[in-house]
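Visitor: Sharing target-v6.cif here; it has mmCIF, C-alpha atoms.
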```cif
data_structure
#
loop_
_atom_site.label_atom_id
_atom_site.label_comp_id
_atom_site.auth_asym_id
_atom_site.auth_seq_id
_atom_site.Cartn_x
_atom_site.Cartn_y
_atom_site.Cartn_z
CA ASP A 1 -48.42 -25.02 26.60
CA ARG A 2 -49.73 -28.53 27.12
CA GLN A 3 -53.13 -27.42 28.29
CA ARG A 4 -53.74 -25.56 25.03
CA ASN A 5 -51.70 -27.97 22.91
CA ARG A 6 -49.52 -25.17 21.62
CA MET A 7 -45.78 -25.10 21.00
CA VAL A 8 -43.55 -22.11 20.19
CA LEU A 9 -40.60 -22.91 17.93
CA SER A 10 -37.61 -20.79 16.87
CA ARG A 11 -35.72 -21.34 13.68
CA ARG A 12 -33.46 -18.40 14.53
CA ALA A 13 -32.35 -20.04 17.79
CA MET A 14 -31.49 -23.22 15.88
CA LEU A 15 -29.52 -21.31 13.28
CA GLU A 16 -27.65 -19.38 15.98
CA ALA A 17 -26.76 -22.64 17.73
CA GLN A 18 -25.56 -24.15 14.45
CA ARG A 19 -23.51 -21.04 13.71
CA ALA A 20 -21.89 -21.12 17.16
CA GLU A 21 -20.97 -24.78 16.68
CA ALA A 22 -19.58 -24.07 13.21
CA LYS A 23 -17.57 -21.15 14.61
CA ASP A 24 -15.92 -23.29 17.24
CA THR A 25 -15.08 -25.97 14.69
CA LEU A 26 -13.70 -23.41 12.23
CA LEU A 27 -11.49 -21.70 14.82
CA GLU A 28 -9.86 -25.04 15.62
CA THR A 29 -8.68 -25.47 12.03
CA LEU A 30 -8.35 -21.88 10.79
CA GLU A 31 -4.82 -20.85 9.83
CA VAL A 32 -3.17 -17.79 8.32
CA GLY A 33 -2.67 -18.33 4.60
CA GLN A 34 -5.72 -20.52 4.14
CA THR A 35 -7.88 -19.92 1.08
CA LEU A 36 -11.63 -20.09 1.72
CA ASP A 37 -14.98 -19.50 0.08
CA ALA A 38 -16.91 -16.65 1.67
CA VAL A 39 -20.14 -14.71 1.30
CA VAL A 40 -20.27 -10.92 1.65
CA THR A 41 -22.56 -10.00 4.54
CA ARG A 42 -21.99 -6.29 5.04
CA ILE A 43 -20.24 -3.41 3.27
CA GLN A 44 -18.68 -0.41 5.00
CA PRO A 45 -16.60 2.52 3.65
CA TYR A 46 -13.47 0.88 5.06
CA GLY A 47 -14.11 -2.60 3.63
CA ALA A 48 -16.46 -5.58 3.44
CA PHE A 49 -17.40 -8.26 5.99
CA ALA A 50 -17.65 -11.82 4.71
CA ASP A 51 -18.92 -15.02 6.33
CA ILE A 52 -16.30 -17.77 6.06
CA GLY A 53 -18.46 -20.46 7.69
CA GLY A 54 -19.76 -19.28 11.03
CA ILE A 55 -17.46 -16.28 11.48
CA ASP A 56 -17.41 -12.92 9.75
CA GLY A 57 -14.01 -11.65 8.64
CA LEU A 58 -13.10 -8.20 7.37
CA ILE A 59 -11.72 -7.60 3.90
CA HIS A 60 -10.17 -4.15 4.31
CA VAL A 61 -10.58 -1.83 1.34
CA SER A 62 -6.81 -1.96 0.74
CA GLU A 63 -7.01 -5.78 0.44
CA LEU A 64 -9.81 -5.90 -2.15
CA SER A 65 -7.68 -5.29 -5.21
CA TRP A 66 -4.18 -4.28 -6.30
CA GLU A 67 -5.84 -1.21 -7.81
CA ARG A 68 -6.92 1.59 -5.51
CA ILE A 69 -10.55 1.20 -4.42
CA ASP A 70 -12.35 4.21 -2.95
CA ASP A 71 -15.78 2.61 -2.53
CA PRO A 72 -16.02 -1.13 -1.69
CA GLY A 73 -19.67 -1.05 -2.76
CA LYS A 74 -18.59 -0.51 -6.35
CA VAL A 75 -16.76 -3.84 -6.53
CA LEU A 76 -18.77 -6.04 -4.10
CA LYS A 77 -22.43 -6.68 -3.28
CA VAL A 78 -24.05 -8.19 -0.18
CA GLY A 79 -24.68 -11.89 -0.80
CA GLU A 80 -21.89 -12.17 -3.36
CA ALA A 81 -19.68 -15.26 -3.16
CA VAL A 82 -15.96 -14.49 -3.10
CA ARG A 83 -12.67 -16.31 -2.64
CA VAL A 84 -10.50 -14.99 0.19
CA GLN A 85 -7.22 -15.66 1.96
CA VAL A 86 -6.82 -15.50 5.73
CA LEU A 87 -4.33 -12.74 6.60
CA SER A 88 -4.51 -12.68 10.41
CA ILE A 89 -6.45 -14.24 13.30
CA ASP A 90 -7.09 -12.53 16.65
CA VAL A 91 -8.98 -14.79 19.07
CA GLU A 92 -8.40 -12.50 22.07
CA ASN A 93 -11.51 -10.54 21.12
CA ASP A 94 -15.12 -11.71 21.18
CA PRO A 95 -16.11 -12.17 18.46
CA PRO A 96 -12.69 -13.10 17.02
CA ARG A 97 -11.20 -10.67 14.52
CA ILE A 98 -10.29 -12.28 11.21
CA ALA A 99 -8.54 -10.24 8.52
CA LEU A 100 -9.15 -11.44 4.98
CA GLY A 101 -7.73 -10.51 1.60
CA MET A 102 -8.85 -10.90 -2.00
CA LYS A 103 -6.00 -9.28 -3.92
CA GLN A 104 -3.57 -11.95 -2.68
CA LEU A 105 -5.36 -14.41 -4.97
CA MET A 106 -5.02 -12.14 -8.00
CA ALA A 107 -2.02 -11.54 -10.23
CA ASP A 108 -0.26 -8.31 -9.29
CA PRO A 109 -0.19 -6.18 -12.47
CA LEU A 110 2.80 -4.27 -11.11
CA HIS A 111 4.97 -7.39 -11.35
CA ALA A 112 4.37 -7.59 -15.10
CA ALA A 113 5.09 -3.87 -15.45
CA MET A 114 8.28 -4.20 -13.37
CA ALA A 115 9.49 -6.89 -15.76
CA GLY A 116 10.03 -4.16 -18.33
CA PHE A 117 12.85 -2.64 -16.25
CA ASN A 118 16.23 -3.96 -15.15
CA GLU A 119 18.72 -2.87 -12.55
CA GLY A 120 21.17 -0.45 -14.16
CA ASP A 121 18.70 0.90 -16.73
CA VAL A 122 18.79 4.66 -17.29
CA VAL A 123 15.29 5.87 -18.11
CA GLU A 124 13.17 8.98 -18.18
CA GLY A 125 10.27 9.54 -15.80
CA THR A 126 7.99 12.15 -14.30
CA VAL A 127 8.06 13.32 -10.69
CA THR A 128 4.64 12.54 -9.21
CA LYS A 129 5.14 13.24 -5.51
CA ILE A 130 7.67 14.89 -3.23
CA ALA A 131 8.36 13.85 0.36
CA ASP A 132 10.94 14.88 2.94
CA PHE A 133 12.94 11.72 2.21
CA GLY A 134 12.89 11.82 -1.59
CA ALA A 135 10.90 12.04 -4.81
CA PHE A 136 8.57 9.50 -6.38
CA VAL A 137 9.06 9.14 -10.12
CA GLU A 138 6.59 7.49 -12.49
CA LEU A 139 8.52 5.32 -14.96
CA SER A 140 5.44 4.04 -16.81
CA LYS A 141 1.71 3.97 -16.11
CA GLY A 142 1.22 2.55 -12.63
CA VAL A 143 4.94 2.02 -11.98
CA ASP A 144 6.57 4.45 -9.54
CA GLY A 145 10.04 4.37 -8.06
CA LEU A 146 11.64 6.33 -5.24
CA ALA A 147 14.71 8.50 -5.65
CA HIS A 148 15.96 8.95 -2.09
CA ILE A 149 17.09 12.45 -1.14
CA SER A 150 20.67 11.16 -0.99
CA GLU A 151 20.37 10.06 -4.65
CA LEU A 152 19.06 13.34 -6.06
CA SER A 153 22.35 15.19 -6.49
CA HIS A 154 26.09 14.93 -5.91
CA ASP A 155 25.70 18.08 -3.82
CA ARG A 156 24.16 17.97 -0.40
CA VAL A 157 20.37 18.42 -0.64
CA LYS A 158 18.47 19.91 2.28
CA LYS A 159 15.06 20.12 0.61
CA VAL A 160 13.83 17.84 -2.15
CA SER A 161 11.81 20.70 -3.65
CA ASP A 162 15.07 22.62 -4.23
CA VAL A 163 16.04 19.99 -6.81
CA VAL A 164 12.84 18.68 -8.40
CA LYS A 165 9.22 19.71 -8.79
CA VAL A 166 6.05 17.67 -9.28
CA GLY A 167 5.45 17.19 -13.00
CA GLN A 168 9.14 17.60 -13.88
CA LYS A 169 10.73 15.20 -16.38
CA VAL A 170 13.90 13.61 -14.99
CA THR A 171 16.43 11.00 -15.99
CA VAL A 172 17.04 8.30 -13.41
CA LYS A 173 19.02 5.11 -13.00
CA VAL A 174 17.32 1.99 -11.66
CA LEU A 175 19.27 0.86 -8.59
CA SER A 176 17.13 -2.07 -7.44
CA ILE A 177 13.80 -3.76 -8.08
CA ASP A 178 11.97 -5.73 -5.39
CA PRO A 179 8.70 -7.30 -6.64
CA ASN A 180 7.91 -8.67 -3.16
CA THR A 181 7.77 -5.22 -1.57
CA ARG A 182 6.72 -3.57 -4.87
CA ARG A 183 9.55 -1.08 -4.56
CA ILE A 184 11.93 0.35 -7.12
CA ALA A 185 14.94 2.38 -5.95
CA LEU A 186 16.11 5.12 -8.30
CA SER A 187 18.99 7.56 -8.52
CA MET A 188 19.23 10.86 -10.33
CA LYS A 189 22.84 11.55 -9.49
CA GLN A 190 23.98 8.20 -10.90
CA ALA A 191 22.05 8.77 -14.12
CA GLY A 192 24.39 11.61 -15.06
CA GLY A 193 23.68 15.32 -14.97
CA ASP A 194 21.64 15.08 -11.75
CA GLY A 195 18.63 13.80 -13.62
CA GLY A 196 19.00 16.32 -16.41
CA GLN A 197 18.90 19.35 -14.13
CA GLU A 198 21.82 21.13 -12.54
CA PHE A 199 21.39 21.75 -8.85
CA ASP A 200 21.37 25.50 -8.23
CA ARG A 201 23.12 26.50 -5.01
CA GLY A 202 23.01 30.17 -5.79
CA GLU A 203 20.75 30.81 -2.81
CA ASP A 204 22.99 28.88 -0.40
CA PRO A 205 24.07 31.33 2.40
CA MET A 206 27.59 29.88 2.47
CA ILE A 207 27.99 30.37 -1.29
CA ALA A 208 26.76 33.97 -0.92
CA LYS A 209 29.37 34.67 1.80
CA LEU A 210 32.18 33.20 -0.30
CA LYS A 211 31.15 35.21 -3.35
CA ALA A 212 31.06 38.39 -1.27
CA LYS A 213 34.59 37.69 -0.04
CA PHE A 214 36.23 36.39 -3.21
CA GLY A 215 34.08 37.87 -5.94
CA ASP A 216 32.81 35.94 -8.96
CA ARG A 217 36.11 34.22 -9.79
CA GLU A 218 36.02 30.42 -9.84
CA LEU A 219 36.18 28.83 -6.43
CA LYS A 220 38.14 25.60 -5.98
CA GLY A 221 37.83 23.03 -3.24
CA GLY A 222 34.76 22.43 -1.10
CA ILE A 223 32.88 24.04 1.73
CA GLY A 224 31.98 20.80 3.55
#
```
Would you mind giving the structure from this file in C-alpha cells?

Guide:
Amino acid sequence: DRQRNRMVLSRRAMLEAQRAEAKDTLLETLEVGQTLDAVVTRIQPYGAFADIGGIDGLIHVSELSWERIDDPGKVLKVGEAVRVQVLSIDVENDPPRIALGMKQLMADPLHAAMAGFNEGDVVEGTVTKIADFGAFVELSKGVDGLAHISELSHDRVKKVSDVVKVGQKVTVKVLSIDPNTRRIALSMKQAGGDGGQEFDRGEDPMIAKLKAKFGDRELKGGIG
C-alpha cells in the first residue's frame, strides 16, 4: 500500500516456496536404498512421518524396529532426528509417497540367535502357533521355526491340531536356515518319533472300518 507506506510480508510463503524447490531437487536424486537424516513430523498409530528435506516419508510401524512395536509414540517423538533408509518411491501421487525404514540400519538380533543353530541339528522346542499349513515352534527366545504340515508325521496329516497343540514340547530337526528371509524350516518326522509324540489315527474312519472287518489283530500293508 504505497499511499499508506505499508507492506505485508509472509515468511510462510517463503518457506513453502523453499520447501517446494527442495522437494523438486530431492526427487531428482532420491533413490531406493539411500540413507538419509530425517526429522519426525507426525506420529500415527500405523507409523511416523519424517521430513527428509522437503518431503515427508512414512516409516511404517513394522519398519521402526526388528522388535514388535504396538505404539510408535513410545519409541519416537515429534521433532526427533532419526536416520532412515529409503525403501520405495512412488511419484505417481501428489504428494509423492516415500516409504522409509529405520530397522534396516540396525543389527537384526535374530541373526545372532540363528547363529546358535545349524542345519541338521535335532533340538527341542515349544509349539507357539498352529496354522493350516504347519506349526510354529519356538527354539529359543525370539527364534521360531516352521514345521510344515508335510513334516509333522510319516503318516498323512489332515489337520495340524491332530498332531500337535500350542504349548506342547516337541523334538524337531533343523532342515534349513535362511537369515535373509528370517526363516527356519523344521521337521518333526525327521527328528525321530514324530517329534516325541506318536500320531494317533484311532479316530480315522478308514481305520475304524478295517478294525470292524478284521478285528484287533495286527494289520499289514497300507490303506493309501

Visitor: Neighbouring residues of A:Pro95 were defined as those with any atom within 10 Å, considering all atoms listed in the file; residues of the same chain fewer than 2 positions away were excluded. Please report them as an NGL selection string.

Guide: :A and (23 or 55-56 or 90-93 or 97-98)

Visitor: For the PyMOL selection byres ((chain A and resi 130-145) around 10), applied here, can you spell out every residue it catches as a compact mmCIF listing (two decimals) with C-alpha atoms, in the coordinates of the input?

Guide:
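The result, stored in selection-v6.txt:
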```
# COMPACT_ATOMS: atom_id res chain seq x y z
CA GLU A 67 -5.84 -1.21 -7.81
CA PRO A 109 -0.19 -6.18 -12.47
CA LEU A 110 2.80 -4.27 -11.11
CA HIS A 111 4.97 -7.39 -11.35
CA ALA A 113 5.09 -3.87 -15.45
CA MET A 114 8.28 -4.20 -13.37
CA GLY A 116 10.03 -4.16 -18.33
CA PHE A 117 12.85 -2.64 -16.25
CA VAL A 123 15.29 5.87 -18.11
CA GLU A 124 13.17 8.98 -18.18
CA GLY A 125 10.27 9.54 -15.80
CA THR A 126 7.99 12.15 -14.30
CA VAL A 127 8.06 13.32 -10.69
CA THR A 128 4.64 12.54 -9.21
CA LYS A 129 5.14 13.24 -5.51
CA LEU A 146 11.64 6.33 -5.24
CA ALA A 147 14.71 8.50 -5.65
CA HIS A 148 15.96 8.95 -2.09
CA ILE A 149 17.09 12.45 -1.14
CA SER A 150 20.67 11.16 -0.99
CA GLU A 151 20.37 10.06 -4.65
CA LEU A 152 19.06 13.34 -6.06
CA LYS A 158 18.47 19.91 2.28
CA LYS A 159 15.06 20.12 0.61
CA VAL A 160 13.83 17.84 -2.15
CA SER A 161 11.81 20.70 -3.65
CA VAL A 163 16.04 19.99 -6.81
CA VAL A 164 12.84 18.68 -8.40
CA LYS A 165 9.22 19.71 -8.79
CA VAL A 166 6.05 17.67 -9.28
CA GLY A 167 5.45 17.19 -13.00
CA GLN A 168 9.14 17.60 -13.88
CA LYS A 169 10.73 15.20 -16.38
CA VAL A 170 13.90 13.61 -14.99
CA THR A 171 16.43 11.00 -15.99
CA VAL A 172 17.04 8.30 -13.41
CA VAL A 174 17.32 1.99 -11.66
CA LEU A 175 19.27 0.86 -8.59
CA SER A 176 17.13 -2.07 -7.44
CA ILE A 177 13.80 -3.76 -8.08
CA ARG A 182 6.72 -3.57 -4.87
CA ARG A 183 9.55 -1.08 -4.56
CA ILE A 184 11.93 0.35 -7.12
CA ALA A 185 14.94 2.38 -5.95
CA LEU A 186 16.11 5.12 -8.30
CA SER A 187 18.99 7.56 -8.52
```

Visitor: Identify which of the residues A:Ile69, A:Leu64, A:Leu26, A:Ala115 lies closest to A:Ile89, counting all atoms listed in the file when measuring atom-to-atom distances.

Guide: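 Closest residue, counting all atoms listed in the file: A:Leu26.
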
Visitor: Rounded to one decimal in Å, what is the spacing between atom CA of A:Glu63 and atom CA of A:Met102?

Guide: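 About the pair atom CA of A:Glu63 and atom CA of A:Met102: they are 6.0 Å apart.
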
Visitor: Using atom CA of A:Val39 and atom CA of A:Val82 as the two end points, give the distance in Å to one decimal.

Guide: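 According to the coordinates, atom CA of A:Val39 and atom CA of A:Val82 are separated by 6.1 Å.
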
Visitor: Which one is closest to A:Gln104: A:Gln44, A:Thr35, A:Arg68, A:Asn118? Count only C-alpha atoms.

Guide: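 That would be A:Thr35, the residue with the smallest distance to A:Gln104.
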
Visitor: Using Å and a single decimal, report how far atom CA of A:Glu28 sits from atom CA of A:Ile43.

Guide: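 Between atom CA of A:Ile43 and atom CA of A:Glu28 the gap is 27.0 Å.
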
Visitor: Please evaluate the PyMOL selection byres ((chain A and resi 47) around 10) against the displayed coordinates and give the resulting residues as a CSV table (one decimal) with C-alpha atoms, in the frame of the given file.

Guide:
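That gives us part.csv:
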```csv
chain,number,residue,atom,x,y,z
A,42,ARG,CA,-22.0,-6.3,5.0
A,43,ILE,CA,-20.2,-3.4,3.3
A,44,GLN,CA,-18.7,-0.4,5.0
A,45,PRO,CA,-16.6,2.5,3.6
A,46,TYR,CA,-13.5,0.9,5.1
A,48,ALA,CA,-16.5,-5.6,3.4
A,49,PHE,CA,-17.4,-8.3,6.0
A,50,ALA,CA,-17.6,-11.8,4.7
A,58,LEU,CA,-13.1,-8.2,7.4
A,59,ILE,CA,-11.7,-7.6,3.9
A,60,HIS,CA,-10.2,-4.2,4.3
A,61,VAL,CA,-10.6,-1.8,1.3
A,62,SER,CA,-6.8,-2.0,0.7
A,63,GLU,CA,-7.0,-5.8,0.4
A,64,LEU,CA,-9.8,-5.9,-2.2
A,69,ILE,CA,-10.6,1.2,-4.4
A,70,ASP,CA,-12.4,4.2,-3.0
A,71,ASP,CA,-15.8,2.6,-2.5
A,72,PRO,CA,-16.0,-1.1,-1.7
A,73,GLY,CA,-19.7,-1.0,-2.8
A,76,LEU,CA,-18.8,-6.0,-4.1
```

Visitor: For the file shown, report as JSON, numbers by chain the outcome of the PyMOL selection byres ((chain A and resi 81) around 10) at residue level.

Guide: {"A": [37, 38, 39, 40, 41, 50, 51, 76, 77, 78, 79, 80, 82, 83, 84]}

Visitor: Could stretch 115-126 of chain A be completed with all heavy atoms and written as a short mmCIF file (atom, residue, chain, number, x, y, z; two decimals), in the coordinates of the input, please?

Guide:
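As written to disk, out-v5.cif reads:
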```
data_model
loop_
_atom_site.label_atom_id
_atom_site.label_comp_id
_atom_site.auth_asym_id
_atom_site.auth_seq_id
_atom_site.Cartn_x
_atom_site.Cartn_y
_atom_site.Cartn_z
N ALA A 115 8.66 -6.04 -14.91
CA ALA A 115 9.49 -6.89 -15.76
C ALA A 115 10.08 -6.12 -16.94
O ALA A 115 11.05 -6.58 -17.55
CB ALA A 115 8.67 -8.08 -16.26
N GLY A 116 9.51 -4.96 -17.23
CA GLY A 116 10.03 -4.16 -18.33
C GLY A 116 11.25 -3.33 -17.97
O GLY A 116 11.81 -2.63 -18.81
N PHE A 117 11.69 -3.41 -16.70
CA PHE A 117 12.85 -2.64 -16.25
C PHE A 117 13.88 -3.58 -15.63
O PHE A 117 13.54 -4.61 -15.07
CB PHE A 117 12.43 -1.58 -15.22
CG PHE A 117 11.43 -0.59 -15.75
CD1 PHE A 117 10.06 -0.77 -15.56
CD2 PHE A 117 11.85 0.53 -16.44
CE1 PHE A 117 9.14 0.13 -16.04
CE2 PHE A 117 10.95 1.45 -16.93
CZ PHE A 117 9.59 1.25 -16.74
N ASN A 118 15.13 -3.19 -15.73
CA ASN A 118 16.23 -3.96 -15.15
C ASN A 118 17.12 -3.05 -14.34
O ASN A 118 17.22 -1.85 -14.60
CB ASN A 118 17.07 -4.63 -16.25
CG ASN A 118 16.25 -5.61 -17.08
OD1 ASN A 118 15.79 -6.62 -16.57
ND2 ASN A 118 16.06 -5.29 -18.35
N GLU A 119 17.77 -3.64 -13.35
CA GLU A 119 18.72 -2.87 -12.55
C GLU A 119 19.84 -2.36 -13.46
O GLU A 119 20.38 -3.10 -14.27
CB GLU A 119 19.29 -3.73 -11.43
CG GLU A 119 18.26 -4.11 -10.38
CD GLU A 119 18.86 -4.93 -9.25
OE1 GLU A 119 20.11 -5.06 -9.22
OE2 GLU A 119 18.10 -5.44 -8.40
N GLY A 120 20.15 -1.07 -13.32
CA GLY A 120 21.17 -0.45 -14.16
C GLY A 120 20.61 0.33 -15.32
O GLY A 120 21.34 1.12 -15.94
N ASP A 121 19.32 0.14 -15.63
CA ASP A 121 18.70 0.90 -16.73
C ASP A 121 18.69 2.38 -16.40
O ASP A 121 18.46 2.78 -15.26
CB ASP A 121 17.25 0.44 -16.96
CG ASP A 121 17.17 -0.91 -17.65
OD1 ASP A 121 18.21 -1.40 -18.11
OD2 ASP A 121 16.05 -1.45 -17.74
N VAL A 122 18.93 3.20 -17.41
CA VAL A 122 18.79 4.66 -17.29
C VAL A 122 17.58 5.05 -18.12
O VAL A 122 17.56 4.84 -19.34
CB VAL A 122 20.05 5.40 -17.77
CG1 VAL A 122 19.83 6.91 -17.72
CG2 VAL A 122 21.26 5.01 -16.91
N VAL A 123 16.56 5.58 -17.45
CA VAL A 123 15.29 5.87 -18.11
C VAL A 123 14.80 7.25 -17.73
O VAL A 123 15.28 7.87 -16.79
CB VAL A 123 14.23 4.82 -17.73
CG1 VAL A 123 14.64 3.44 -18.22
CG2 VAL A 123 14.02 4.80 -16.22
N GLU A 124 13.81 7.71 -18.48
CA GLU A 124 13.17 8.98 -18.18
C GLU A 124 11.86 8.73 -17.43
O GLU A 124 11.18 7.73 -17.66
CB GLU A 124 12.90 9.77 -19.46
CG GLU A 124 14.15 10.33 -20.11
CD GLU A 124 13.81 11.29 -21.24
OE1 GLU A 124 12.62 11.38 -21.61
OE2 GLU A 124 14.74 11.95 -21.73
N GLY A 125 11.52 9.64 -16.54
CA GLY A 125 10.27 9.54 -15.80
C GLY A 125 9.75 10.90 -15.41
O GLY A 125 10.37 11.93 -15.73
N THR A 126 8.63 10.91 -14.73
CA THR A 126 7.99 12.15 -14.30
C THR A 126 7.82 12.14 -12.79
O THR A 126 7.31 11.16 -12.23
CB THR A 126 6.61 12.32 -14.96
OG1 THR A 126 6.76 12.26 -16.39
CG2 THR A 126 5.99 13.65 -14.58
#
```
